[in-house]
Each structure stands twice: as C-alpha cells, then as structure tokens.
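Chemist: Before anything else, here's the structure in question.
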Amino acid sequence: MKFILILHLCTLLTNQCYESLHVNMEFNDHRSCALAGYDIAGKSLEQLNPKDVNDAELAVKFECKKVGKKPIIPLPKPGTPS
C-alpha cells in the first residue's frame with residue numbers, strides 16, 4: 001500500500017486548521033511517510049514568522065493517507081458454492 005503526506009497549518013488556540021498541502025511525494029510504507037512528515041513539518045514551521053507562530057500558537061500537523069487501489073476479490077463463478 002502506498003501513502004501520501006498531507007500537511008495542515010493549525011492554530012492551537014482554537015484547534016482549527018487553515019490550509020492543507022499535499023506533498024508531491026508517494027511513500028512505500030507508513031513509517032517512511034511519518035518520518036518525512038516530522039521532517040517537513042519542522043522545516044515548514046521554521047520558515048514561518050516567529051511572531052505569527054507565537055501569537056497564533058501555530059503548529060504544522062500531518063497525516064499519512066493510504067492511496068491506491070483496493071484488492072479486487074473475484075466473484076464466485078455461477079453454479080459454484082461460495
């Protein structure tokens with residue numbers, strides 16, 4: 001199963017998120033997606049204005065979302081027990 005990383009810019013004052021960003025990368029497993037999430041979220045927070053971060057108590061949250069096709073389970077052939 002593949003995963004994509006989605007970042008959310010949020011304020012902890014009201015627990016609301018302002019915007020989401022889909023990182024243009026696909027990961028082969030959850031672990032590699034999560035590790036990239038921590039890295040990219042930290043770097044994103046460093047790029048924001050420190051006063052804005054402190055005043056709004058901003059945080060970058062992330063999620064690793066499964067993508068891809070679900071496995072196809074074939075239907076039993078007519079006349080065979082299921």
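Every chain in the structure tokens takes a letter, A first, then B, and so on in the order presented; its residues are numbered from 1, and the ligands are numbered from 1 following the presented order.
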Please provide as a VMD selection string all residues within 12 Å of Val23 (chain A), with the sequence filter that same-chain residues fewer than 5 positions apart are discarded (counting only C-alpha atoms).
Modeler: chain A and resid 3 to 8 33 36 to 37 40 to 41 44 62 to 65
Chemist: Write out the residues from the selection above, keeping C-alpha atoms, as a PDB file, in the first residue's frame.
Modeler:
ATOM      1  CA  PHE A   3       0.919   6.632   1.264  1.00  0.00           C
ATOM      2  CA  ILE A   4       0.820  10.359   0.593  1.00  0.00           C
ATOM      3  CA  LEU A   5       1.758  13.076   3.068  1.00  0.00           C
ATOM      4  CA  ILE A   6      -0.708  15.865   3.845  1.00  0.00           C
ATOM      5  CA  LEU A   7       0.377  18.846   5.968  1.00  0.00           C
ATOM      6  CA  HIS A   8      -2.063  21.077   7.880  1.00  0.00           C
ATOM      7  CA  CYS A  33       5.799   8.801   5.286  1.00  0.00           C
ATOM      8  CA  ALA A  36       9.137  12.640   6.253  1.00  0.00           C
ATOM      9  CA  GLY A  37       6.117  14.267   7.919  1.00  0.00           C
ATOM     10  CA  ILE A  40       8.905  18.557   6.570  1.00  0.00           C
ATOM     11  CA  ALA A  41       6.555  19.832   9.299  1.00  0.00           C
ATOM     12  CA  SER A  44       7.806  24.361   7.405  1.00  0.00           C
ATOM     13  CA  PHE A  62       0.385  15.990   9.246  1.00  0.00           C
ATOM     14  CA  GLU A  63      -1.249  12.765   8.183  1.00  0.00           C
ATOM     15  CA  CYS A  64      -0.156   9.864   6.034  1.00  0.00           C
ATOM     16  CA  LYS A  65      -3.086   8.820   3.890  1.00  0.00           C
TER      17      LYS A  65
END
Chemist: Counting only C-alpha atoms, what is within 9 Å of Glu57 (chain A), bar same-chain residues fewer than 6 positions away, as a list in words?
Modeler: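 Returned residues: Cys10, Thr11, Leu12 and Leu13 of chain A.
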Chemist: Record the distance separating CA of Cys17 (chain A) and CA of Lys43 (chain A), expressed in Å with one decimal.
Modeler: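 Those two atoms sit 17.9 Å apart.
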Chemist: Step one, run DSSP on the backbone; step two, keep only residues of region 19-78 of chain A assigned to helix (DSSP H, G or I); then write them as a list in words.
Modeler: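 Taking region 19-78 of chain A and keeping helix (DSSP H, G or I) only, one gets His30, Arg31, Ser32, Cys33, Ala34, Leu35, Ala36, Gly37, Tyr38, Asp39, Ile40, Ala41, Gly42, Lys43, Ser44, Leu45, Glu46, Gln47, Pro50, Lys51, Asp52, Val53, Asn54, Asp55 and Ala56 of chain A.
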Chemist: Write a file of the just-selected residues containing C-alpha atoms, as a compact mmCIF listing (two decimals), in the first residue's frame.
Modeler:
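Written out: result.txt:
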# COMPACT_ATOMS: atom_id res chain seq x y z
CA HIS A 30 3.67 4.37 6.65
CA ARG A 31 6.98 4.65 8.51
CA SER A 32 8.80 6.49 5.72
CA CYS A 33 5.80 8.80 5.29
CA ALA A 34 5.67 9.58 9.02
CA LEU A 35 9.40 10.28 9.22
CA ALA A 36 9.14 12.64 6.25
CA GLY A 37 6.12 14.27 7.92
CA TYR A 38 8.07 15.15 11.05
CA ASP A 39 10.97 16.46 8.98
CA ILE A 40 8.91 18.56 6.57
CA ALA A 41 6.55 19.83 9.30
CA GLY A 42 9.53 21.07 11.33
CA LYS A 43 11.14 22.76 8.34
CA SER A 44 7.81 24.36 7.40
CA LEU A 45 7.38 25.79 10.90
CA GLU A 46 10.93 27.23 10.78
CA GLN A 47 10.01 29.19 7.62
CA PRO A 50 8.27 33.58 14.68
CA LYS A 51 5.89 36.30 15.94
CA ASP A 52 3.00 34.80 13.95
CA VAL A 53 3.82 31.32 15.26
CA ASN A 54 3.88 32.52 18.86
CA ASP A 55 0.87 34.85 18.67
CA ALA A 56 -1.40 32.29 16.97
Chemist: As a count of residues only, which residues of chain A does DSSP assign to strand (DSSP E)?
Modeler: 32
Chemist: Just how far from CA of Leu9 (chain A) is CA of Lys66 (chain A), in Å to one decimal?
Modeler: 20.5 Å
Chemist: Could you check which of A:Pro78, A:Asn49, A:Lys61, A:Val67 is closest to Ser20 (chain A), using only C-alpha atoms?
Modeler: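 Comparing A:Pro78, A:Asn49, A:Lys61, A:Val67 against Ser20 (chain A), the winner is A:Lys61.
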